[in-house]
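Structure below is coords37.cif: mmCIF, C-alpha atoms.
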```cif
data_upload
loop_
_atom_site.label_atom_id
_atom_site.label_comp_id
_atom_site.auth_asym_id
_atom_site.auth_seq_id
_atom_site.Cartn_x
_atom_site.Cartn_y
_atom_site.Cartn_z
CA MET A 1 62.63 -37.32 -25.84
CA THR A 2 65.58 -38.44 -27.88
CA GLN A 3 66.64 -40.60 -24.96
CA GLU A 4 63.28 -42.34 -25.01
CA ASN A 5 63.55 -42.87 -28.75
CA ASP A 6 66.96 -44.33 -28.31
CA ARG A 7 65.74 -46.67 -25.62
CA SER A 8 62.81 -47.75 -27.72
CA HIS A 9 65.06 -48.36 -30.67
CA LEU A 10 67.40 -50.34 -28.47
CA LEU A 11 64.56 -52.40 -27.13
CA ARG A 12 63.39 -53.29 -30.60
CA LYS A 13 66.91 -54.26 -31.51
CA VAL A 14 67.16 -56.48 -28.45
CA LEU A 15 63.86 -58.11 -29.25
CA HIS A 16 65.02 -58.73 -32.81
CA GLU A 17 68.17 -60.38 -31.59
CA LEU A 18 66.29 -62.92 -29.56
CA PRO A 19 67.19 -66.43 -30.70
CA ARG A 20 64.73 -68.11 -33.01
CA ILE A 21 63.25 -71.24 -31.70
CA LYS A 22 62.73 -74.13 -34.06
CA THR A 23 60.42 -77.02 -33.87
CA GLY A 24 61.73 -80.46 -33.06
CA ASP A 25 62.86 -82.91 -35.67
CA GLY A 26 59.88 -85.14 -35.61
CA PHE A 27 57.35 -82.37 -35.63
CA GLU A 28 55.77 -83.33 -38.95
CA VAL A 29 55.58 -86.96 -37.91
CA ARG A 30 53.93 -86.09 -34.64
CA LEU A 31 51.59 -83.75 -36.39
CA ARG A 32 50.61 -86.42 -38.92
CA ARG A 33 49.97 -88.88 -36.13
CA ARG A 34 47.82 -86.41 -34.28
CA ILE A 35 45.83 -85.60 -37.37
CA ASN A 36 45.25 -89.27 -38.02
CA GLN A 37 44.12 -89.77 -34.44
CA SER A 38 41.69 -86.92 -34.71
CA LEU A 39 40.39 -88.31 -37.98
CA GLU A 40 39.90 -91.73 -36.43
CA THR A 41 38.03 -90.32 -33.47
CA ALA A 42 35.95 -88.04 -35.61
CA SER A 43 34.98 -90.40 -38.46
CA PRO A 44 33.09 -93.18 -36.64
CA ARG A 45 30.18 -91.22 -35.38
CA PRO A 46 28.78 -92.56 -32.16
CA LEU A 47 25.36 -94.02 -32.48
CA GLY A 48 24.26 -92.39 -29.31
CA ASN A 49 22.46 -93.62 -26.31
CA PRO A 50 19.64 -96.03 -27.25
CA SER A 51 17.59 -94.86 -24.31
CA LEU A 52 17.64 -91.39 -25.84
CA ALA A 53 16.28 -92.81 -29.07
CA TYR A 54 13.56 -94.70 -27.21
CA SER A 55 12.54 -91.65 -25.26
CA SER A 56 12.41 -89.50 -28.38
CA ILE A 57 10.22 -92.13 -30.07
CA ALA A 58 7.96 -92.17 -27.04
CA VAL A 59 7.63 -88.41 -27.11
CA ALA A 60 6.79 -88.52 -30.79
CA LEU A 61 4.14 -91.16 -30.16
CA ILE A 62 2.60 -89.03 -27.44
CA PHE A 63 2.46 -86.10 -29.82
CA VAL A 64 0.75 -88.24 -32.46
CA LEU A 65 -1.73 -89.53 -29.91
CA PHE A 66 -2.63 -86.05 -28.78
CA TYR A 67 -2.92 -84.93 -32.34
CA TYR A 68 -5.47 -87.60 -33.12
CA LEU A 69 -7.28 -86.99 -29.88
CA PHE A 70 -7.76 -83.31 -30.44
CA THR A 71 -7.98 -83.01 -34.17
CA GLU A 72 -9.37 -86.19 -35.62
CA SER A 73 -11.83 -86.87 -32.86
CA HIS A 74 -14.73 -84.55 -32.17
CA ILE A 75 -13.29 -83.38 -28.93
CA ASN A 76 -12.15 -79.97 -29.80
CA PRO A 77 -10.91 -78.24 -26.75
CA VAL A 78 -11.48 -74.82 -28.12
CA ILE A 79 -10.54 -72.34 -25.54
CA ARG A 80 -13.03 -69.60 -25.68
CA PRO A 81 -12.47 -66.32 -24.05
CA PRO A 82 -14.88 -65.59 -21.25
CA GLU A 83 -17.99 -64.07 -22.70
CA LYS A 84 -18.14 -60.46 -22.20
CA ILE A 85 -21.35 -59.79 -20.41
CA GLU A 86 -22.82 -56.82 -21.94
CA LYS A 87 -23.72 -54.63 -19.11
CA VAL A 88 -26.14 -52.10 -20.37
CA THR A 89 -27.16 -49.76 -17.74
CA ARG A 90 -30.54 -48.27 -17.74
CA GLN A 91 -29.19 -44.89 -18.53
CA THR A 92 -27.44 -46.10 -21.58
CA GLN A 93 -30.58 -47.86 -22.68
CA ILE A 94 -32.49 -44.72 -22.41
CA ARG A 95 -29.80 -42.72 -24.07
CA SER A 96 -29.61 -45.04 -26.99
CA GLY A 97 -33.33 -44.95 -27.46
CA GLU A 98 -33.29 -41.28 -27.03
CA GLN A 99 -30.62 -40.74 -29.63
CA ALA A 100 -32.52 -42.86 -32.02
CA THR A 101 -35.48 -40.68 -31.40
CA LEU A 102 -33.51 -37.51 -31.61
CA ASN A 103 -31.74 -38.25 -34.80
CA PRO A 104 -30.52 -34.84 -35.81
CA ALA A 105 -31.12 -35.60 -39.43
CA GLY A 106 -34.76 -35.51 -38.63
CA THR A 107 -35.47 -38.85 -40.21
CA ALA A 108 -36.16 -40.71 -36.99
CA SER A 109 -35.45 -43.88 -38.79
CA GLY A 110 -34.26 -45.69 -35.70
CA ASN A 111 -37.43 -44.87 -33.95
CA GLU A 112 -39.54 -46.25 -36.72
CA THR A 113 -37.91 -49.56 -37.22
CA ARG A 114 -36.39 -50.42 -33.92
CA GLU A 115 -38.20 -51.38 -30.83
CA PRO A 116 -37.26 -48.96 -28.11
CA PRO A 117 -35.47 -50.21 -25.04
CA LEU A 118 -37.59 -51.04 -22.11
CA ALA A 119 -37.26 -49.71 -18.65
CA PRO A 120 -36.14 -52.35 -16.22
CA THR A 121 -39.18 -52.19 -14.00
CA LEU A 122 -41.61 -52.34 -16.84
CA LYS A 123 -42.80 -55.39 -18.59
CA ARG A 124 -41.81 -55.82 -22.13
CA VAL A 125 -44.74 -55.04 -24.32
CA PRO A 126 -44.88 -56.17 -27.88
CA ALA A 127 -44.53 -53.38 -30.29
CA VAL A 128 -47.92 -51.87 -30.94
CA PRO A 129 -48.34 -50.91 -34.53
CA VAL A 130 -48.50 -47.20 -34.60
CA PRO A 131 -49.73 -45.30 -37.60
CA PRO A 132 -46.92 -43.56 -39.39
CA GLU A 133 -48.41 -40.19 -38.68
CA ALA A 134 -48.24 -40.82 -35.01
CA ARG A 135 -44.86 -42.40 -35.24
CA SER A 136 -43.26 -39.34 -36.68
CA HIS A 137 -44.32 -37.25 -33.76
CA SER A 138 -40.85 -37.13 -32.37
CA LEU A 139 -39.64 -35.00 -35.21
CA PRO A 140 -39.32 -31.45 -34.10
CA THR A 141 -41.02 -30.18 -37.16
CA GLY A 142 -42.85 -27.41 -35.43
CA ASN A 143 -40.13 -24.98 -36.23
CA PRO A 144 -39.20 -25.24 -39.89
CA GLU A 145 -36.13 -23.05 -39.51
CA TYR A 146 -34.77 -25.19 -36.84
CA ASN A 147 -35.52 -28.21 -38.86
CA ASN A 148 -33.66 -26.87 -41.84
CA GLN A 149 -30.74 -25.91 -39.74
CA LEU A 150 -30.36 -29.28 -38.25
CA ALA A 151 -30.90 -31.63 -41.07
CA GLY A 152 -31.14 -29.56 -44.12
CA SER A 153 -34.36 -31.27 -44.85
CA SER A 154 -37.13 -29.67 -46.78
CA PRO A 155 -39.88 -27.82 -44.95
CA THR A 156 -42.39 -30.22 -46.40
CA GLN A 157 -42.02 -32.19 -43.25
CA ASN A 158 -44.34 -29.76 -41.62
CA SER A 159 -47.14 -32.05 -42.50
CA THR A 160 -45.66 -34.64 -40.26
CA GLY A 161 -45.33 -32.06 -37.57
CA THR A 162 -49.06 -31.67 -37.42
CA SER A 163 -49.52 -35.32 -36.90
CA ALA A 164 -46.86 -35.20 -34.23
CA ALA A 165 -48.74 -32.52 -32.44
CA GLU A 166 -51.85 -34.61 -32.64
CA SER A 167 -50.14 -37.48 -31.06
CA GLN A 168 -48.78 -35.23 -28.36
CA ASN A 169 -52.23 -34.08 -27.45
CA ALA A 170 -53.59 -37.56 -27.46
CA PRO A 171 -54.13 -38.91 -23.96
CA PRO A 172 -51.08 -40.83 -22.81
CA LYS A 173 -51.40 -44.51 -22.43
CA SER A 174 -51.33 -45.76 -18.94
CA VAL A 175 -47.96 -46.48 -17.49
CA SER A 176 -48.84 -49.92 -16.30
CA GLU A 177 -49.88 -50.84 -19.79
CA GLY A 178 -46.31 -50.95 -20.87
CA LEU A 179 -44.48 -47.76 -20.92
CA THR A 180 -41.64 -47.29 -23.25
CA ILE A 181 -39.70 -44.16 -23.56
CA ASP A 182 -40.35 -43.50 -27.15
CA GLN A 183 -43.98 -44.35 -27.04
CA ASN A 184 -44.72 -42.15 -24.12
CA SER A 185 -45.67 -38.79 -25.39
CA THR A 186 -44.57 -37.06 -22.23
CA THR A 187 -41.17 -38.52 -22.38
CA THR A 188 -40.91 -37.70 -26.01
CA GLY A 189 -41.77 -34.18 -25.22
CA ILE A 190 -39.05 -34.12 -22.67
CA LEU A 191 -36.66 -35.45 -25.17
CA GLU A 192 -37.64 -32.75 -27.54
CA LEU A 193 -37.06 -30.27 -24.81
CA LYS A 194 -33.66 -31.66 -24.33
CA ARG A 195 -32.98 -31.38 -27.98
CA TYR A 196 -34.04 -27.79 -28.07
CA ASP A 197 -31.97 -27.10 -25.10
CA THR A 198 -28.77 -28.64 -26.30
CA SER A 199 -28.84 -28.14 -30.02
CA SER A 200 -27.93 -24.50 -29.78
CA HIS A 201 -24.68 -25.32 -28.02
CA ASN A 202 -23.45 -28.27 -29.86
CA GLY A 203 -23.29 -29.83 -33.22
CA PRO A 204 -25.99 -32.04 -34.58
CA ASN A 205 -24.27 -35.22 -33.57
CA LYS A 206 -23.45 -34.24 -30.04
CA LEU A 207 -26.25 -34.13 -27.56
CA PRO A 208 -24.79 -33.61 -24.15
CA PHE A 209 -26.75 -34.72 -21.20
CA THR A 210 -26.92 -31.49 -19.33
CA PRO A 211 -28.00 -31.59 -15.71
CA ARG A 212 -31.18 -29.72 -16.43
CA VAL A 213 -32.33 -32.14 -19.05
CA ARG A 214 -31.21 -34.90 -16.81
CA ASP A 215 -33.54 -33.62 -14.17
CA ALA A 216 -36.30 -33.20 -16.67
CA LEU A 217 -35.94 -36.73 -17.82
CA GLY A 218 -35.81 -37.96 -14.29
CA VAL A 219 -32.75 -39.96 -15.02
CA GLY A 220 -31.84 -40.12 -11.39
CA VAL A 221 -35.23 -41.47 -10.61
CA LEU A 222 -35.11 -43.80 -13.54
CA GLY A 223 -32.77 -45.91 -11.59
CA GLN A 224 -35.61 -46.64 -9.22
CA GLY A 225 -38.19 -46.99 -11.93
CA ILE A 226 -39.75 -44.86 -14.53
CA SER A 227 -43.25 -45.44 -13.33
CA SER A 228 -42.59 -43.97 -9.92
CA SER A 229 -40.89 -40.98 -11.37
CA LEU A 230 -43.64 -40.29 -13.80
CA ALA A 231 -46.20 -40.72 -11.11
CA ASP A 232 -44.63 -37.95 -9.21
CA SER A 233 -47.00 -35.11 -9.74
CA LEU A 234 -44.56 -32.47 -8.74
CA ARG A 235 -42.12 -33.59 -11.34
CA LEU A 236 -44.83 -33.64 -13.95
CA ASP A 237 -45.74 -30.12 -13.07
CA SER A 238 -42.22 -28.99 -13.44
CA LEU A 239 -41.98 -30.77 -16.72
CA LYS A 240 -45.05 -29.04 -18.00
CA LYS A 241 -43.63 -25.71 -16.99
CA LEU A 242 -40.46 -26.45 -18.81
CA LYS A 243 -42.38 -27.54 -21.80
CA LYS A 244 -44.35 -24.35 -21.89
CA GLN A 245 -41.19 -22.38 -21.52
CA PHE A 246 -39.19 -24.03 -24.24
CA VAL A 247 -41.55 -25.38 -26.81
CA PRO A 248 -42.46 -22.68 -29.30
CA LYS A 249 -46.01 -21.78 -29.69
CA ALA A 250 -45.99 -22.98 -33.24
CA MET A 251 -45.76 -26.46 -31.93
CA GLU A 252 -48.54 -25.93 -29.49
CA LYS A 253 -50.88 -24.65 -32.09
CA ARG A 254 -51.56 -27.27 -34.53
CA PRO A 255 -53.56 -26.58 -37.53
CA LYS A 256 -56.82 -28.27 -37.69
CA GLU A 257 -57.21 -30.59 -40.48
CA MET B 1 64.37 -60.87 -39.25
CA THR B 2 61.76 -63.43 -39.96
CA GLU B 3 61.69 -64.76 -43.46
CA ARG B 4 58.29 -64.23 -45.07
CA PRO B 5 57.33 -67.66 -46.32
CA THR B 6 54.91 -66.60 -49.01
CA ALA B 7 57.25 -66.09 -51.91
CA ARG B 8 59.63 -68.85 -51.10
CA HIS B 9 58.28 -71.62 -53.27
CA GLY B 10 56.53 -69.66 -55.93
CA LYS B 11 52.98 -70.44 -54.92
CA SER B 12 51.35 -68.12 -52.54
CA ASP B 13 49.78 -69.25 -49.30
CA GLU B 14 46.32 -68.63 -50.66
CA GLU B 15 46.99 -70.82 -53.67
CA LEU B 16 48.28 -73.57 -51.43
CA ILE B 17 45.31 -73.48 -49.13
CA THR B 18 43.03 -73.53 -52.16
CA GLU B 19 44.80 -76.63 -53.40
CA PHE B 20 44.51 -78.16 -49.97
CA GLN B 21 40.82 -77.38 -49.94
CA ASN B 22 40.58 -79.26 -53.22
CA GLY B 23 42.16 -82.32 -51.59
CA ASP B 24 45.88 -81.85 -52.16
CA GLU B 25 47.60 -83.01 -48.98
CA ALA B 26 51.03 -81.93 -50.24
CA ALA B 27 49.88 -78.33 -50.19
CA PHE B 28 49.12 -78.71 -46.50
CA THR B 29 52.60 -80.11 -45.89
CA GLN B 30 54.08 -77.12 -47.65
CA LEU B 31 52.05 -74.77 -45.50
CA VAL B 32 53.24 -76.55 -42.37
CA GLY B 33 56.83 -76.19 -43.50
CA ARG B 34 56.35 -72.51 -44.16
CA TYR B 35 54.71 -71.51 -40.93
CA LYS B 36 55.91 -73.93 -38.24
CA ASP B 37 59.03 -71.99 -37.25
CA GLN B 38 57.61 -68.54 -37.11
CA LEU B 39 54.52 -69.78 -35.36
CA ILE B 40 56.52 -71.67 -32.74
CA ASN B 41 58.40 -68.46 -32.01
CA TYR B 42 55.24 -66.50 -31.66
CA ILE B 43 53.59 -69.12 -29.46
CA TYR B 44 56.62 -69.66 -27.30
CA ARG B 45 57.07 -65.94 -26.68
CA TYR B 46 53.42 -65.69 -25.87
CA VAL B 47 53.01 -68.61 -23.44
CA GLY B 48 56.61 -68.89 -22.25
CA ASP B 49 56.82 -72.66 -22.31
CA SER B 50 58.41 -74.65 -25.15
CA ASP B 51 56.48 -77.85 -24.54
CA GLU B 52 53.16 -76.07 -24.43
CA ALA B 53 54.20 -74.11 -27.50
CA ASP B 54 54.80 -77.35 -29.37
CA ASP B 55 51.39 -78.69 -28.36
CA ILE B 56 49.69 -75.47 -29.32
CA LEU B 57 51.45 -75.43 -32.66
CA GLN B 58 50.25 -78.94 -33.40
CA GLU B 59 46.76 -77.93 -32.43
CA VAL B 60 46.98 -74.96 -34.79
CA PHE B 61 47.78 -77.19 -37.74
CA VAL B 62 45.19 -79.75 -36.75
CA ARG B 63 42.61 -76.99 -36.79
CA VAL B 64 43.82 -75.78 -40.13
CA TYR B 65 43.50 -79.33 -41.40
CA HIS B 66 39.97 -79.82 -40.15
CA LYS B 67 38.67 -76.30 -40.70
CA LYS B 68 40.21 -75.79 -44.09
CA ASN B 69 36.87 -75.15 -45.71
CA THR B 70 36.10 -72.28 -43.36
CA TYR B 71 38.92 -70.25 -44.83
CA ARG B 72 37.82 -67.67 -47.36
CA PRO B 73 40.36 -66.04 -49.66
CA ILE B 74 39.13 -62.58 -48.73
CA ALA B 75 41.72 -62.61 -45.91
CA LYS B 76 45.36 -63.47 -46.03
CA PHE B 77 46.24 -66.98 -44.98
CA SER B 78 48.90 -65.70 -42.62
CA THR B 79 46.35 -63.56 -40.83
CA TRP B 80 44.02 -66.52 -40.53
CA ILE B 81 46.60 -68.90 -39.11
CA TYR B 82 47.99 -66.29 -36.75
CA THR B 83 44.48 -65.62 -35.49
CA ILE B 84 44.05 -69.32 -34.76
CA ALA B 85 47.36 -69.39 -32.94
CA ALA B 86 46.56 -66.28 -30.93
CA ASN B 87 43.21 -67.66 -29.87
CA LEU B 88 44.77 -70.92 -28.77
CA CYS B 89 47.42 -69.07 -26.82
CA LYS B 90 44.79 -67.00 -25.04
CA THR B 91 42.85 -70.15 -24.26
CA GLU B 92 45.96 -71.73 -22.85
CA LEU B 93 46.73 -68.72 -20.69
CA ARG B 94 43.17 -68.68 -19.41
CA ARG B 95 43.34 -72.39 -18.67
CA ARG B 96 46.60 -71.90 -16.92
CA GLY B 97 45.23 -69.14 -14.73
CA ARG B 98 42.16 -71.20 -13.94
CA HIS B 99 44.30 -74.22 -13.19
CA PHE B 100 46.47 -72.16 -10.88
CA PHE B 101 43.41 -70.85 -9.08
CA LEU B 102 41.96 -74.36 -8.78
CA SER B 103 45.20 -75.81 -7.55
CA LEU B 104 45.44 -73.09 -4.93
CA SER B 105 41.96 -73.75 -3.66
CA LYS B 106 42.48 -77.50 -3.83
CA THR B 107 45.67 -77.25 -1.84
CA ARG B 108 44.12 -75.09 0.79
CA GLY B 109 41.05 -77.19 1.11
CA GLY B 110 42.81 -80.51 0.75
CA ALA B 111 43.74 -82.99 3.40
CA ASP B 112 47.40 -82.07 3.38
CA ASP B 113 46.63 -78.43 3.87
CA LYS B 114 49.83 -77.33 2.25
CA TYR B 115 50.46 -73.81 1.20
CA PRO B 116 51.98 -73.36 -2.24
CA GLU B 117 55.63 -72.89 -2.24
CA ILE B 118 56.36 -69.33 -3.18
CA PRO B 119 59.99 -68.94 -4.10
CA ASP B 120 61.88 -66.31 -2.26
CA SER B 121 63.49 -63.97 -4.73
CA ARG B 122 66.37 -63.29 -2.37
CA TYR B 123 67.61 -66.81 -2.84
CA LEU B 124 66.92 -66.99 -6.56
CA SER B 125 69.30 -64.42 -7.78
CA ASP B 126 72.34 -66.60 -7.77
CA HIS B 127 70.53 -69.53 -9.30
CA GLU B 128 68.94 -67.36 -11.93
CA ALA B 129 72.23 -65.77 -12.71
CA GLU B 130 73.71 -69.13 -13.32
CA ARG B 131 71.10 -70.50 -15.64
CA SER B 132 69.67 -67.54 -17.47
CA SER B 133 71.21 -65.64 -20.25
CA ASP B 134 70.15 -62.31 -21.59
CA HIS B 135 67.39 -63.58 -23.79
CA GLU B 136 65.91 -65.45 -20.88
CA MET B 137 65.76 -62.19 -19.00
CA ILE B 138 63.99 -60.64 -21.90
CA GLN B 139 61.62 -63.55 -22.06
CA ASP B 140 60.86 -63.18 -18.37
CA ALA B 141 60.20 -59.50 -18.86
CA LEU B 142 57.89 -60.32 -21.73
CA MET B 143 56.00 -62.74 -19.58
CA LYS B 144 55.54 -60.07 -16.93
CA LEU B 145 53.82 -57.86 -19.42
CA PRO B 146 50.05 -57.98 -19.60
CA PRO B 147 49.02 -60.30 -22.45
CA LYS B 148 47.39 -57.54 -24.46
CA TYR B 149 50.70 -55.66 -24.66
CA ARG B 150 52.75 -58.80 -25.04
CA GLU B 151 50.74 -59.93 -28.03
CA VAL B 152 51.23 -56.78 -30.07
CA ILE B 153 54.90 -56.46 -29.13
CA ILE B 154 55.64 -60.02 -30.26
CA LEU B 155 53.71 -59.59 -33.48
CA SER B 156 55.34 -56.30 -34.27
CA ASP B 157 58.90 -56.50 -32.97
CA LEU B 158 59.55 -60.21 -33.23
CA GLN B 159 57.39 -61.28 -36.14
CA ASP B 160 57.75 -58.06 -38.12
CA LEU B 161 54.10 -57.82 -39.02
CA THR B 162 52.63 -54.55 -40.12
CA TYR B 163 50.07 -52.57 -38.17
CA GLU B 164 47.35 -53.67 -40.58
CA GLU B 165 48.24 -57.32 -40.16
CA ILE B 166 48.32 -56.98 -36.39
CA SER B 167 45.00 -55.21 -36.56
CA ASP B 168 43.53 -58.06 -38.60
CA ILE B 169 44.91 -60.73 -36.29
CA THR B 170 43.93 -59.12 -33.01
CA GLY B 171 40.74 -57.51 -34.22
CA LEU B 172 41.80 -54.14 -32.88
CA ASN B 173 41.86 -50.78 -34.56
CA ILE B 174 45.18 -49.64 -35.92
CA GLY B 175 45.21 -46.78 -33.44
CA THR B 176 44.69 -49.18 -30.59
CA VAL B 177 47.49 -51.35 -31.90
CA LYS B 178 49.83 -48.37 -31.98
CA SER B 179 48.91 -47.18 -28.52
CA ARG B 180 49.28 -50.66 -27.08
CA LEU B 181 52.64 -50.98 -28.74
CA ASN B 182 53.85 -47.74 -27.22
CA ARG B 183 52.56 -48.55 -23.76
CA GLY B 184 53.90 -52.08 -23.94
CA ARG B 185 57.32 -50.90 -24.99
CA LEU B 186 57.39 -48.40 -22.15
CA LYS B 187 56.46 -51.08 -19.67
CA LEU B 188 59.07 -53.41 -21.10
CA GLN B 189 61.68 -50.69 -20.88
CA LYS B 190 60.88 -50.27 -17.22
CA LEU B 191 61.18 -54.00 -16.70
CA LEU B 192 64.46 -54.16 -18.55
CA LYS B 193 65.91 -50.92 -17.27
CA ASP B 194 68.93 -52.72 -15.85
CA PHE B 195 69.55 -54.52 -19.08
CA ILE B 196 69.02 -51.72 -21.58
#
```

How would this structure read if it were set down as structure tokens?
Amino acid sequence: MTQENDRSHLLRKVLHELPRIKTGDGFEVRLRRRINQSLETASPRPLGNPSLAYSSIAVALIFVLFYYLFTESHINPVIRPPEKIEKVTRQTQIRSGEQATLNPAGTASGNETREPPLAPTLKRVPAVPVPPEARSHSLPTGNPEYNNQLAGSSPTQNSTGTSAAESQNAPPKSVSEGLTIDQNSTTTGILELKRYDTSSHNGPNKLPFTPRVRDALGVGVLGQGISSSLADSLRLDSLKKLKKQFVPKAMEKRPKE
Amino acid sequence: MTERPTARHGKSDEELITEFQNGDEAAFTQLVGRYKDQLINYIYRYVGDSDEADDILQEVFVRVYHKKNTYRPIAKFSTWIYTIAANLCKTELRRRGRHFFLSLSKTRGGADDKYPEIPDSRYLSDHEAERSSDHEMIQDALMKLPPKYREVIILSDLQDLTYEEISDITGLNIGTVKSRLNRGRLKLQKLLKDFI
């Protein structure tokens, strides 16, 4: 260890004793000359290549030309994104109409004001003015407790329930006349069935499309056309059975006015 | 022992460079007089060639002349000018290595197809013994050191700069400076084992 220290100390001493080199005599003169040369080469700035200037002017002119073409003139090449084609399937149409009908608040406002979606195979029929009593038939007002649970609305809506029952008993309009989901009393009844079926499981805003209700609505058949599905007598029978099973008797019995 | 030029003429280096920044050319001349000898030593020990050292030294002062306004008094002037010199030395060594590589490839691919003459050390000993003195041996040993060790050894043992100054010039941590110093000295001892 001490030997290494000694050697290191000796090395430093040897390095210190190295002869100092000095610059030449005319170093300052040479330096001054070099500085002057660098100043001379640096001060006159080259004007540059004239072709570069011409090309830059040409590019600027092209920019100006395009600017006037696309901004000042009426040619506005606005690039629009491709229009998103709104693909509304039949099921979603029905669901949307159905949800408007089955507004859990019990107001059925969407059903009153909005024209229900049409089935694809059916012709679009202008909205037939329906008396307000008949229009409110979709409200499940037959059971006041249920009604209060869902919407917290007052039981005074029972009066509308009677009119709804009337409209349910009224003979259904012919399918070929222009069947819409909301206007068809049978379909409305099915929707009510669905509502009764699903409201006990879920919240007021969530109405799942359970397979049973799906069958009752004939959604699978709806793809081929509502008219054919409704014409199926077997399906109608099953629907009636379901209706009898699920709809409380209070809705069946309507008070005579 | 290198004479520290700062206190020689009363004005500090920073005051002189400030005057030079304000347009006083005499201040620049004073700075040249202060630093030319110690810088030529540093550069010569670094690159190993006196002619190249003279050119590099001129380039250092030319850069100081042109880049005077880039100096900020937050750093010492000596650190700044040594950093310029060190960078130019590294550039020169890189250029030299590149030039050597290019000349090798050019020679091999050229029309003459000559191989570079590699001196045989067996026949050099007598010639070297004639011409070289002790300090030339030391200089040769320094040149055999890797540049990163050579730089710190020259700055520390020949220029008598402190660890902090070496750290500022090289941009290394003080610990790295110390470790490189130790390793470099050990390597140099091995190279000069016959001499020491």

How would you write, as number ranges by chain, the residues chosen by the PyMOL selection byres ((chain B) within 9 of (chain A)) on this structure?
-> B: 1-2, 29, 32-33, 36-38, 40-41, 44, 50, 54, 58-59, 61-62, 65-66, 134-135, 138-139, 154, 157-159, 182, 185-186, 188-189, 192, 196

What separation in Å, quoted to one decimal, exists between atom CA of Leu93 of chain B and atom CA of Thr176 of chain B?
-> 22.0 Å

Long-range neighbours of segment 146-152 of chain B as a PyMOL selection string, 9 Å cut-off, all atoms listed in the file, 2 positions minimum in chain | chain B and resi 42+45-46+86+90+93+142-144+154-157+166+170+177-178+180-185+187

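If you look at atom CA of Asp168 of chain B and atom CA of Ala27 of chain B, they are 24.2 Å away from each other.
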
What's the 12 Å shell around Thr79 of chain B, counting only C-alpha atoms, without same-chain residues fewer than 5 positions away, as a ChimeraX atom specification?
-> /B:13-14,35,39,71-74,84-86,155,161-171

Please write the residues from the selection above to a file, keeping C-alpha atoms, as a PDB file, in the coordinates of the input.
```pdb
ATOM      1  CA  ASP B  13      49.780 -69.250 -49.300  1.00  0.00           C
ATOM      2  CA  GLU B  14      46.320 -68.630 -50.660  1.00  0.00           C
ATOM      3  CA  TYR B  35      54.710 -71.510 -40.930  1.00  0.00           C
ATOM      4  CA  LEU B  39      54.520 -69.780 -35.360  1.00  0.00           C
ATOM      5  CA  TYR B  71      38.920 -70.250 -44.830  1.00  0.00           C
ATOM      6  CA  ARG B  72      37.820 -67.670 -47.360  1.00  0.00           C
ATOM      7  CA  PRO B  73      40.360 -66.040 -49.660  1.00  0.00           C
ATOM      8  CA  ILE B  74      39.130 -62.580 -48.730  1.00  0.00           C
ATOM      9  CA  ILE B  84      44.050 -69.320 -34.760  1.00  0.00           C
ATOM     10  CA  ALA B  85      47.360 -69.390 -32.940  1.00  0.00           C
ATOM     11  CA  ALA B  86      46.560 -66.280 -30.930  1.00  0.00           C
ATOM     12  CA  LEU B 155      53.710 -59.590 -33.480  1.00  0.00           C
ATOM     13  CA  LEU B 161      54.100 -57.820 -39.020  1.00  0.00           C
ATOM     14  CA  THR B 162      52.630 -54.550 -40.120  1.00  0.00           C
ATOM     15  CA  TYR B 163      50.070 -52.570 -38.170  1.00  0.00           C
ATOM     16  CA  GLU B 164      47.350 -53.670 -40.580  1.00  0.00           C
ATOM     17  CA  GLU B 165      48.240 -57.320 -40.160  1.00  0.00           C
ATOM     18  CA  ILE B 166      48.320 -56.980 -36.390  1.00  0.00           C
ATOM     19  CA  SER B 167      45.000 -55.210 -36.560  1.00  0.00           C
ATOM     20  CA  ASP B 168      43.530 -58.060 -38.600  1.00  0.00           C
ATOM     21  CA  ILE B 169      44.910 -60.730 -36.290  1.00  0.00           C
ATOM     22  CA  THR B 170      43.930 -59.120 -33.010  1.00  0.00           C
ATOM     23  CA  GLY B 171      40.740 -57.510 -34.220  1.00  0.00           C
TER      24      GLY B 171
END
```

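The gap separating atom CA of Leu69 of chain A from atom CA of Ser56 of chain A is 19.9 Å, in Å to one decimal.
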